[in-house]
Each structure stands twice: as structure tokens, then as C-alpha cells.
Amino acid sequence: MIQSVLDLQHVTKRFGATAAVDNATFEVARGEIVALLGPSGCGKTTTLRMIAGFEQPDEGRIFISGTDVARKAPYERNVGLVFQDYALFPHMSVAQNIAFGMKNRGVPRKEIGARIATVLEQVRLPGIEARRPAELSGGQQQRVALARALVTRPDIMLLDEPLSNLDAKLRLQLRHEIRAILSTFHCTSIIVTHDQEEAMGLADRIVLMNKGRIEQIDTPVGLYQRPQTLFAADFIGHANWIPGRLARRAADAGVVETKVGGIAVAPGAMADGPVTLCIRPERLALMAQDAPADTRLAAVVERLDPVGADLRIWSRLRDGTLVQSLEKNVGRDLPAPGADVTLGFRIADCIVLPAEGTAP
Amino acid sequence: MAMRRPALSAALLWPALVVMAPLLLGPLVLLAHESLKPFVGGRVGGDESGALTLQNYAQIADPQYVRYFLDTFRVGLLATALALVLGFPVAHFIARRAGPVMRRLLVGGLVGTLFLSIIVRVYAIAMTFGPHGPLADFSRIFGVTASSPDGAELMVVLGLLNSTLPLVALTLIGTLQNINPRLEDAAMSLGAPRWKTFFQVTVAMSLPGILSAAIIAYAFCISNLVVPMLVGRGFIVFVSNLIYFRFSEVANFPSGAALSMVMMVISVALFYGLLHLVRSHWQEAGK
Amino acid sequence: MKRLADAVFETVYWSLVTLFIAFSVIPVVVAVVLSFDARSYVGPFPPTQFSLRWYDRFLADSYYHDGLVTSLLLATGATAIATVIGALAAIGLHHARFKGKGLIQAALLSPLVIPNVVLGFGVLVFASRLGILDGMTRLLMGHVLITFPYVMRTTAASLVGIRASYHEAALSLGAGPWGALWQVTLPLARTGIIAGAVFGFVTSFDDVGVSLFLTDAFTFTLPVAILAQMRANLDLTIAALSVMFIVATVLIIVLLDRLAGLDAITGRGVYGR
């Protein structure tokens, strides 16, 4: 078994009566980029601060490269941290900022200058050693903060909401740049974010958190296609919800009775009883009356919203539920509002979720 | 880390505690003790052998003494009220209307006034408003002659005012800067005239700051020694002057110590009590 | 109607602003003019002839000279001690999270509230109980007591403006608590500490209430010397002295503005302009 760089075991942190982080367990392999994703207050920042050493877990253990660090001070861990506000020291130049960590971690003095120049080249900001943080743009500050953390060659990099202080366009551009920089260094990284797109675009794996608990750990694609809880399905992407009652007919075949009729499903390990069905808009298709589909639902079109190259079609099912489907806008004839249509989907595209959890 | 940081902050606190704790507690404990000793005429300090007594405190309840306290509180209140009336518009002007150069100049002037030796300031006021001064007629506006007891009171008020004005103005600049100027614009765009906007939005929202400034100014006034000493001419004597008199003229340490204890308790209670009241009231209102 | 009310309001507003400035400036001008008065008595204003006689007298007076030297030494010593312990205490309290923190803070700031006369009297009694009879030592005790809160208060105020992430960044980059303090927190709190030290120095230099109790026949501060002279004979030497004080104050303000910026005192506010 490959030894993981970071290993959290049953970590719990309470602030007063509430558990900010509740029994969190996950591992990060060498070179992997993992995103801690969740809404504000879900415990992702507290988890990051425990890994960095600013908070101590009440229960559980944290291993970095095999050593238990739960009781070690931040400066005794070899962890690189990029702060949300970058925290570049305003009274020091870029070079002094980058040298700070190397001096404190005992890098030989004569090496420091060369390493500053190299790392600035690697983050594509050569020659700005003498500048002050206040003279840099937000994106430049971000990259200097990355350089400052990377230059000490930490066991693990922690990035706290690295893009939240930048405007939308720059965010997209920097996302790719961060990804490129982190892979240049083969650096094991954890990125805390509340932005699902950011997590999807940056991470190899996502740890989805909610109310202090880990909801699901999966690859970005897996998390989208195989959500295991209502919260996971709701937090990532868009979804249509149909509540109902599952009755199993065979090993992996069943029917969910809903207000719009019985829907055939593959229930997996789900037990009989109340469930919620989740169908992604792009898997719900407008179809001709006689086209083949596992399930068909009659609906009336309400509104068509253009979304970039696509059209989002809002239709109402017979029981009044509003659903959305996504169609490519390729010049095909599309129904006008008020038209009767048939919406169809495959069994494989109908995700069966427990009825409890965060209501959509 | 959480186990180490308290150790460091404690380490940083120690030098201050080692120096300040004896300097604060030593004098106060000894003053409290001194205040309970019987006074024996002709010797410095209370009678060491005698039993402890409350007679020094009982003496303060005498109407003759109470008058000094009342004078202190009344004159202080006058100077504080005047400082608020004059200080608020200036603070408003500096925070809202003055350009950068004017602002720098005025803030510099305020800090300068605060920094200038109080003796010099009171001397300058005495020379300006005194019998030969260019503004000697100023007191006539209030129907008092400069040489009367009321004239002395006026001079003390002016002397205190000179110190409280910059204190109040500087505090209020801070307050006004933290009030969103857009709120004033909003009030005027909703049809409120300038004066109404000023009182119903600006002044109303500054109330916590105004009260804090008043408390700071008042604490300064009632503990003042120099102003009554220089321009009170014996007509206006503050408790501080009385304490100094007990020490310098009659060497009645026990009585001076009792006065000190009373004055200290009043000052501390007034300051922290009122400040706490202001803060808790506005924090609740803010919720 | 609204216009008229606003016109009245503006008139009152500007009158008050003018009154404030006049009241602050005129006495200073009067003192400066009087200091050049050639008459040997305090006569009606303005003076008819001008001379530098009061400056000569003041410069020739060793009494003032001794007081000035004592005051400078005392203010420098007290400020140095208060700045070191006050700045460290403010930083310690800023990071501390123990019970009773508020109480310790209030206690350390209490000399701002307790009347100076009480502090002076108390230190006198305390010093004589300890057998300290040396004037300078007694004065130093009293003046550390009154300058300390100024340094602590302004340092604390400047620490509030420093983001917590700077300190945490230093720790995550391998600096220990002392390294973070020395390399990051102290340099960032510099302006607050300087402003506090200047306030402390001025407070010490101008103090009367505490010093009156602690001076002796050989060690007296400049303000105490002036007070004694004023009660003895009210001549215009004091006016000449006042001008010296005014010049020194202006220099200190300029220095403060250069070193810390006057904004360190008022702050820029949330809606800074």
C-alpha cells in the first residue's frame, strides 16, 4: 500500500456544544490534489486549520507523512499555506516574503536568492523581487503567495479559497494556472472552496462536507454522476426531483411509485420505502411521442431560457412539478411555451437517493 | 500550538505585570490604609500606633466638604457640555467637509492643543480673558465681572474647555468616520432638509460616540488640578486641589488619603460604569 | 421654508466651527505677542513696544534650566520603560484567550481614569514606605505609571488593524512565536507603538498632578518649576516659556505626522475618504 501524505482519522473539533468537524476521516495520496468542498459553515476551513496546526482536534489523529502532528505547532509541520487574503507581509518586498519561510526553515543563505528567482519564474512572475505586495495586482499577489508557500518544498500545500478574492474572468484563468503550478511541483495539495466549479476544475478528488460531516468522497465526475445523498446531488450541478416510494421487483430492478406514475429504476442497495429520484437536466430529453425511452413523462412547456449555447426548457409535469431539461441550441425546431411534450430518460440516468437529507 | 501560544502571551505580559502591579496596588493599598489612620496634628502621616478609624471619611460627609465635590462635578459638567456643543460641528467638519490639507491642519492643531502643556494653555487663557487681556470684556456677555466668584468659575470653565475640546473633537472624528455618509445622502434624497438630516441621522447615529466623548471629557475635568489652581482664585476649588492642599499645606495625610479613595472610586465607577452602560445599551439595540 | 431653516442651520454650524477655532487660536496668539512685550509689568493689550527681554530672563534662569533637564531625562526614561513593557503587554493581551483578560486590560489602563493627584499621592506614600527618598526614582515610578496606558492603548488599537492571517502565515512558514512577533507583528504595529510613545512622552513632560507630590528641593520638573514661579510672581517670563513650548509642540506634531501619520490618532474610518 502506498503511504498517504495526509491521513485524517476520526477527527472531531467542537466549538462549544456544536461540532464544527464531526468524525472526519480521509487520506490524500502523494501528488494528489484534493478539494474540501461545501457551503460556508460546513467545517472545511476548520479541517484546513487543523491540518495547518492553528486548531487542535478534540478527538482523532492527523498524520502528515506518517507522523502524528495533532499536537505539533504550525511551525513544526512542513505545511505550505496559501491564505484567502494571501497574507503577504505588507512591510516586506516580494523577495523578503519568499525568503521568510526559507530562513525560518534553515535553507542555507547562499541558496535563497537563486531559489527565489527560480520559484518566481515557475509562477511566471520573473524579476519582481523588489516590489512590495501593495504594488501587485490581485492575481500577482495570489501567485506570489503560492510561490512563498511552495519554495520551502512543503509535504503538503493548503489553499484556503484561493480564488475567492478575484473577479470572475481572472478566476477561470488562474484556476488553470494554479493547477499547472501545483503539478509542476508534484505537490500534494488540499484546496478549500465553496465553489463547485473550482473544485471540479482543480481537484483529482473531492471531499464534500456538510454540517461538519463528510457527505461523500469521490472524483469530480463520480460525485456528479453518482451522488449518494440528497445533499450531494443538490450541491453539485442542477437536478430535477421526484419523490416517491420504492418497491423492489428483482435484485437490481424496481419501481418507484410517484404522483406522475410508476418509474422503473435500478435501486442498487437502496431499501424499499420513501426515496427521492434525481434526474440531471441534460439527461432529461424532449422526445418524439414514439421514440424509445425507459421512462416517459407528459409535460407542458412553460418557458425557454437561453444558457449560452444551450436552452434550458422549463416544463410542468401533470402533478404541477416544474422540471428543467437542457437542449443543445442547434437550430432544431423546439416547442413553444404551452405546447404538450414528452420528456424521457433512461433507467441509468435516474439516480435513486434516500428521501432524507437536505431537502432540495 | 494552542498549548504554546498562551505561554508566549503570558511571557509578553509579565514585564508589564511585574512593573505595573506594584506601582498600582502598592500606592492604592497604602492610601486605603493611610485613610483609616487617625490624624495627629504636627506630624507627617497618620498615627501608626492608633486604632483604625472611619473619622476621615465621616469628615467628608460634612456639608462644607460636600460643596467641593458638588463644585467639581458642576463645573466639570458645564465644561463637558460646552465641549460637545462646540466639538461636534468641528468634528463633523473635519470628518465630512474638510479637504485633505485642511483636515491635516486641523487634526494637527487639535493634537497640538492636546500636547501643549496645560500650564501654558491656562496661562494663555488667563492672559487673554483676564483683566488686562484683549478679551477681558468677554465675561460681561454672561453678566459677570472678571473679579467675582462667578468670574473665577467662568475662567475655570474656559480653562477646562480648552483641554476638553480637542479630546471631544478627536473622539468624535473617529465616530463620524464610521458612519456611512451615504445615509445622510439618503435622508436628503428622501426630502429631509440639511438640519433635519444632521440631527436625525448624523447626531442620532453618533450618540454612542458622543456619550463616550462626554465620559472621557468629564473624567478629565473632575480630576483636574491645574486649572482651578491657576485661575480658580480660591473661589473654585476642586477635590484634586483639596487633596493637594492636605498634602502640601497642612500635611494631613489621612484626610488626603480618604479624599483620594473617595475620588478614585467615584472616577473609576463613573468612567467604567457609564462606558459599560453606553456599550451594552447600544450593543443590544444593534441586535 | 426648508431653505430658510437650512440657512439658519448653516449659519449656526459655521459660527460654532469659527468659535471653536478662534477659542483655540486666540489665546496662543496673545501669549506669543505678550512674550515680546517690552514693558516690565503686565499691562493692557496690545503691547506698545517689543523686546526680547523675557527670553533673556528665561534663558538666564538656571531654575528653569534645571527643570528642563530633569523633565527631559524623566520623560525619556519613563517613555522608554513604558514603551517596551506597554507594547509587549498589548501584543500579549491581543493574542491571549484566558479568563480575566478584560479585567487585566482594564486594570492596566486604569491610570488613565484615576485622578493624577491620587496617583501622585499614592506613589509618594508607597515610595516612603519602601524607603525610596531619591526624587528621580520616585518621579520615574509615577511617570511610568501614567505613560504606560498610552503606549498600551495605541499599540492595542494598531494591532486591531493587523489581519490575523499575517501572524498565522509567519507560523506556517516556520517562524516560531518569537520569530513571528519580532519579524511580523512588531514591524506592523510600529506606527501604533511610535504614536503611543510620543503620547507617553508628552504626557510625562506636561504632567503636573503626579510630579507635584514627588519632586523635592533638588529634583523638580519644568512644569513644577513654572507653577512655583507663577505663584511667586506673574511676569511675562512665562509667556516667553510658552512660546518655547508652542514651538516644541509644533515640532513634535510634525515629527509624529512623519513617523506615524496623524491618521494613526483618528484612524481613517470604515468609509475612509
# chains A, B, ... in the order shown; residues from 1 in each chain; ligands from 1

$ closest_atom_pairs --of "stretch 112-133 of chain C" --to "stretch 263-284 of chain B" --cutoff "9 Å" --atoms "only C-alpha atoms" --output "JSON lines"
{"residue": "C:Val113", "atom": "CA", "partner": "B:Val268", "partner_atom": "CA", "distance": 6.1}
{"residue": "C:Ile114", "atom": "CA", "partner": "B:Met264", "partner_atom": "CA", "distance": 5.5}
{"residue": "C:Pro115", "atom": "CA", "partner": "B:Met264", "partner_atom": "CA", "distance": 6.6}
{"residue": "C:Val118", "atom": "CA", "partner": "B:Met264", "partner_atom": "CA", "distance": 7.1}

$ interface_residues --of "chain A" --to "chain C" --cutoff "6 Å" --atoms "only C-alpha atoms" --output "VMD selection string"
chain A and resid 74 to 75 87 101 104 to 105

$ interface_residues --of "chain A" --to "chain B" --cutoff "8 Å" --atoms "only C-alpha atoms" --output "list in words"
Gly53, Phe54, Glu55, Gln56, Arg71, Lys72, Ala73 and Pro74 of chain A

$ interface_residues --of "chain C" --to "chain B" --cutoff "7 Å" --atoms "only C-alpha atoms" --output "PyMOL selection string"
chain C and resi 2+6+9+13+16-17+20+24+27-28+30-31+43-45+85-86+88-89+92-93+95-96+113-115+117-118+122-123+125-126+145+202+206+209+242+245-246+249-250+253+266-272

$ residues_around --residues "A:Ser4" --least-positions-apart "2" --cutoff "9 Å" --atoms "only C-alpha atoms" --output "short mmCIF file (atom, residue, chain, number, x, y, z; two decimals) with N, CA and C atoms, in the first residue's frame"
data_model
loop_
_atom_site.label_atom_id
_atom_site.label_comp_id
_atom_site.auth_asym_id
_atom_site.auth_seq_id
_atom_site.Cartn_x
_atom_site.Cartn_y
_atom_site.Cartn_z
N MET A 1 0.84 -1.20 0.00
CA MET A 1 0.00 0.00 0.00
C MET A 1 0.87 1.25 0.00
N ILE A 2 0.53 2.19 -0.84
CA ILE A 2 1.28 3.44 -0.89
C ILE A 2 0.96 4.26 0.35
N LEU A 6 -1.17 12.60 3.67
CA LEU A 6 -2.02 13.11 4.75
C LEU A 6 -3.05 12.06 5.10
N ASP A 7 -3.25 11.86 6.38
CA ASP A 7 -4.20 10.85 6.84
C ASP A 7 -4.95 11.40 8.04
N GLU A 27 -7.91 10.26 3.40
CA GLU A 27 -6.49 10.21 3.12
C GLU A 27 -6.19 10.95 1.83
N VAL A 28 -4.98 11.45 1.72
CA VAL A 28 -4.56 12.09 0.48
C VAL A 28 -3.25 11.44 0.05
N ALA A 29 -3.21 10.96 -1.19
CA ALA A 29 -2.01 10.26 -1.67
C ALA A 29 -0.99 11.27 -2.20
N ARG A 30 0.27 10.84 -2.34
CA ARG A 30 1.32 11.73 -2.82
C ARG A 30 0.99 12.30 -4.19
N PHE A 63 -2.11 12.53 10.56
CA PHE A 63 -0.75 12.14 10.19
C PHE A 63 -0.33 12.90 8.94
N ILE A 64 0.86 13.48 9.00
CA ILE A 64 1.46 14.04 7.79
C ILE A 64 2.74 13.26 7.53
N SER A 65 2.83 12.62 6.36
CA SER A 65 3.95 11.75 6.00
C SER A 65 4.24 10.76 7.13
N GLY A 66 3.21 10.20 7.70
CA GLY A 66 3.38 9.14 8.68
C GLY A 66 3.58 9.59 10.11
#

$ residues_around --residues "C:Phe148" --least-positions-apart "2" --cutoff "7 Å" --atoms "only C-alpha atoms" --output "number ranges by chain"
C: 82-83, 86, 144-146, 150-152

$ write_last_selection --atoms "C-alpha atoms" --output "PDB file, in the first residue's frame"
ATOM      1  CA  ALA C  82       6.629  52.206  29.326  1.00  0.00           C
ATOM      2  CA  THR C  83       7.084  51.619  25.586  1.00  0.00           C
ATOM      3  CA  GLY C  86       3.414  48.510  27.224  1.00  0.00           C
ATOM      4  CA  VAL C 144       5.936  55.034  34.209  1.00  0.00           C
ATOM      5  CA  LEU C 145       2.535  54.626  35.812  1.00  0.00           C
ATOM      6  CA  ILE C 146       0.966  57.432  33.774  1.00  0.00           C
ATOM      7  CA  TYR C 150      -0.949  55.493  26.474  1.00  0.00           C
ATOM      8  CA  VAL C 151       1.546  53.130  24.850  1.00  0.00           C
ATOM      9  CA  MET C 152      -0.578  50.087  25.585  1.00  0.00           C
TER      10      MET C 152
END

$ closest_residue --among "C:Ser128, C:Ser71, C:Thr79, C:Thr11" --to "C:Pro223" --atoms "only C-alpha atoms"
C:Ser71

$ select_by_dssp --residues "stretch 124-284 of chain A" --states "strand (DSSP E or B)" --output "MDAnalysis selection string"
chainID A and resid 156:160 189:193 205:210 213:218 240:250 253:258 261:265 273:279

$ select_by_dssp --residues "stretch 113-239 of chain B" --states "helix (DSSP H, G or I)" --output "ChimeraX atom specification"
/B:113-115,118-129,136-142,149-177,181-189,194-222,226-231,239
